[in-house]
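J.: Dumping the structure here so I can ask a few things about it.
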Amino acid sequence: MNMIKNKVSEREEIEALLPWHAAGTLSRREAQKVEQALASDAELAIQYETVRQDLVETIGLNESLGAPSARAMQRLMADIEADVSTARRVRSSFNLGEWLSDRLSSFSPRTLAWSATAAALAIVLQAGLLAGMFVNDRQGGPFITASAPMEQTVKPGTDALISFAPTATAGEITKLLQTYKMAIVEGPTGEMYTVRLAVTGIPKEELAKVIKQLQDEKAVRFVGQKSAE
Amino acid sequence: MQTTSDEALIGRIAAGDKLAMQVLFARHHVRVYRFVLRLMGDPSRAEDLISEVFLDVWRQADRFEARSQVSTWLLAIARYKALSALRKRPDEELDDETAGAIEDPGDDPEVAMQKKDTSVVLRECLKKLSAEHREIIDLVYYHEKSVEEVARIVGVPENTVKTRMFYARKRLGELLKAAGVERGWP
């Protein structure tokens with residue numbers, strides 16, 4: 001009884017594999033098993049013939065569907081180009097987090113210990129500044145909503161728009177900011193950052209001179225005075 | 001002449017090689033298009049969709065783990081996108097079950113039979129299969145996918161693949177019988 005059941009299930013198994021045998025996608029062992037069964041089972045052989053007909057007509061039907069126009073490739077390449085440009089812009093934008101991470105991973109443990117101390121000091125200083133701002137705001141500052149633009153909380157000063165050269169390293173950008181005593185106060189918007197050159201307004205001639213100097217810097221791609229809003 | 005393998009092309013695409021992308025596209029886009037067209041039935045939408053499939057390949061090439069053939073990966077992405085697009089159609093909000101049950105409204109096989117051409121009748125019957133049955137027959141016969149690869153593309157166990165194929169063939173036989181073609185099976 002069990003032997004008959006096994007024979008039936010084995011035949012069903014072979015029957016199920018016929019399409020893959022016709023398509024030539026069975027393993028060698030499975031293909032041999034199917035070949036043996038086909039040689040000894042006439043009914044299975046008839047079924048296999050129908051499978052072969054189905055395969056031929058399925059190929060014929062699919063081949064008759066034609067091909068897409070050249071527009072598909074053009075659209076793909078345009079999309080890829082747009083993707084590459086976006087990625088390039090993101091890469092060329094100065095990423096503080098990435099820069100910090102790169103720098104920290106290259107430092108020795110001793111340097112890291114000093115850096116941690118310096119960072120702690122910076123946090124304390126920043127906390128002091130924030131507390132100061134909070135107190136100032138409480139003493140008559142305007143009411144600001146959480147969604148209001150950041151500019152409202154920044155004191156007026158002399159700002160410039162700047163974009164860095166794609167080849168500029170994080171080190172070069174940091175050095176540039178230190179040399180000119182600039183601070184990034186906004187951005188990036190596209191590739192542009194807003195940098196604060198001075199906390200107060202500076203004379204026009206002096207500003208033009210600084211902008212000219214910045215333009216000659218290797219790490220700078222573009223710099224210009226930010227128009228007053 | 002030795003051609004670059006699909007896997008090598010994917011490696012180059014992951015490194016940002018646009019030429020490799022063009023080669024891969026040239027190699028596979030027609031088959032992917034036909035697979036999508038059979039699922040969606042709209043040449044213009046199928047064309048739009050294959051650009052999206054290959055754009056996904058461009059973006060995800062570095063995540064390809066070579067556990068399956070590149071063509072299997074392409075068809076799996078194409079299938080996912082085609083079904084997502086079909087689901088988004090406002091006039092055809094189909095769940096899997098409904099989508100699977102719908103048969104393609106091709107010419108009547110009986111009309112084709114009157115022309116005494118079995119080949120034409122068989123093709124008409126293939127068109128009349130449900131989307132689920134059409135898909136599996138195309139994957140096995142036209143795209144030459146193994147049981148394992150079909151399982152990967154469709155996202156079902158291998159035994160389900162075999163059973164589904166069996167019932168697709170059975171249904172095809174019934175449609176042929178109804179059109180007057182007797183083949184001795186089923």
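Letters A, B, ... go to the chains of the structure tokens in the order shown; residues in each chain start at 1; ligands are counted from 1 in the same order.
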Within 6 Å of chain A, which residues of chain B are there when counting only C-alpha atoms? Please give them as a VMD selection string.

T.: chain B and resid 30 47 51 141 to 142 146 162

J.: Using atom CA of Gly16 of chain B and atom CA of Ser85 of chain A as the two end points, give the distance in Å to one decimal.

T.: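 Computing it gives 12.1 Å between the two atoms.
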
J.: Write down as a VMD selection string the residues belonging to chain B that are assigned helix (DSSP H, G or I) by DSSP computed on the backbone.

T.: chain B and resid 6 to 14 18 to 40 43 to 63 70 to 88 96 to 101 109 to 114 118 to 128 131 to 142 147 to 154 158 to 178

J.: As a ChimeraX atom specification, please: the residues near Arg196 of chain A (cut-off 9 Å, only C-alpha atoms, same-chain neighbours under 6 positions excluded).

T.: /A:157-161,181-185

J.: Would you save the residues of that selection, restricted to C-alpha atoms, as a CSV table (one decimal), in the first residue's frame?

T.:
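Generated output (part.csv):
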chain,number,residue,atom,x,y,z
A,157,GLY,CA,25.7,91.6,11.4
A,158,THR,CA,27.5,91.4,8.1
A,159,ASP,CA,26.8,88.2,6.2
A,160,ALA,CA,28.1,86.7,3.0
A,161,LEU,CA,27.0,83.9,0.8
A,181,LYS,CA,37.0,84.7,12.0
A,182,MET,CA,33.8,83.6,10.2
A,183,ALA,CA,31.0,81.4,11.4
A,184,ILE,CA,28.5,79.5,9.4
A,185,VAL,CA,25.1,80.7,10.5

J.: What's the separation between atom CA of Ser71 of chain B and atom CA of Lys170 of chain B, in Å to one decimal place?

T.: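 Computed distance, atom CA of Ser71 of chain B to atom CA of Lys170 of chain B, equals 27.8 Å.
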
J.: Determine the nearest neighbour of Trp185 of chain B from the options A:Ala45, A:Ile173, A:Leu214, A:Leu38, counting only C-alpha atoms.

T.: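 Looking only at the distances to Trp185 of chain B, the closest residue turns out to be A:Ala45.
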
J.: Residues near Gly224 of chain A, anyone? I mean within 12 Å using only C-alpha atoms, not counting same-chain ones fewer than 5 positions away, as a list in words.

T.: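 Counting only the stated atoms, we get Thr158, Asp159, Ala160, Leu161, Ile162, Ser163, Met192, Tyr193, Thr194, Val195, Arg196, Leu197, Leu207, Ala208, Lys209, Val210, Ile211, Lys212, Gln213, Leu214 and Gln215 of chain A.
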
J.: The selected residues should be written to file as a PDB file, in the first residue's frame (atoms: C-alpha atoms).

T.:
ATOM      1  CA  THR A 158      27.537  91.444   8.113  1.00  0.00           C
ATOM      2  CA  ASP A 159      26.840  88.228   6.249  1.00  0.00           C
ATOM      3  CA  ALA A 160      28.113  86.750   3.014  1.00  0.00           C
ATOM      4  CA  LEU A 161      27.047  83.877   0.832  1.00  0.00           C
ATOM      5  CA  ILE A 162      29.730  81.312   0.193  1.00  0.00           C
ATOM      6  CA  SER A 163      30.133  77.967  -1.556  1.00  0.00           C
ATOM      7  CA  MET A 192      25.477  77.917  -0.516  1.00  0.00           C
ATOM      8  CA  TYR A 193      26.148  78.715   3.118  1.00  0.00           C
ATOM      9  CA  THR A 194      25.587  81.999   4.898  1.00  0.00           C
ATOM     10  CA  VAL A 195      28.657  83.024   6.859  1.00  0.00           C
ATOM     11  CA  ARG A 196      28.846  85.822   9.401  1.00  0.00           C
ATOM     12  CA  LEU A 197      31.882  88.029   8.785  1.00  0.00           C
ATOM     13  CA  LEU A 207      33.687  94.369   3.178  1.00  0.00           C
ATOM     14  CA  ALA A 208      34.593  94.500  -0.527  1.00  0.00           C
ATOM     15  CA  LYS A 209      38.232  93.908   0.416  1.00  0.00           C
ATOM     16  CA  VAL A 210      37.394  90.841   2.521  1.00  0.00           C
ATOM     17  CA  ILE A 211      35.155  89.417  -0.215  1.00  0.00           C
ATOM     18  CA  LYS A 212      37.968  89.914  -2.752  1.00  0.00           C
ATOM     19  CA  GLN A 213      40.441  88.127  -0.484  1.00  0.00           C
ATOM     20  CA  LEU A 214      37.996  85.266   0.015  1.00  0.00           C
ATOM     21  CA  GLN A 215      37.499  84.954  -3.727  1.00  0.00           C
TER      22      GLN A 215
END

J.: If you count only C-alpha atoms, which residues fall within 10 Å of Asp6 of chain B, apart from same-chain ones fewer than 6 positions away, as JSON, numbers by chain?

T.: {"B": [12, 20, 23, 24, 27, 28, 66, 69, 70, 71]}

J.: Hey, what's within 10 Å of Ala219 of chain A if we count only C-alpha atoms and toss same-chain stuff fewer than 5 positions away? As a list in words, please?

T.: Ser163, Phe164, Ala165, Pro166, Thr167, Ala168, Thr169, Ala170, Gly171, Glu172, Ile173, Lys175, Leu176 and Leu214 of chain A
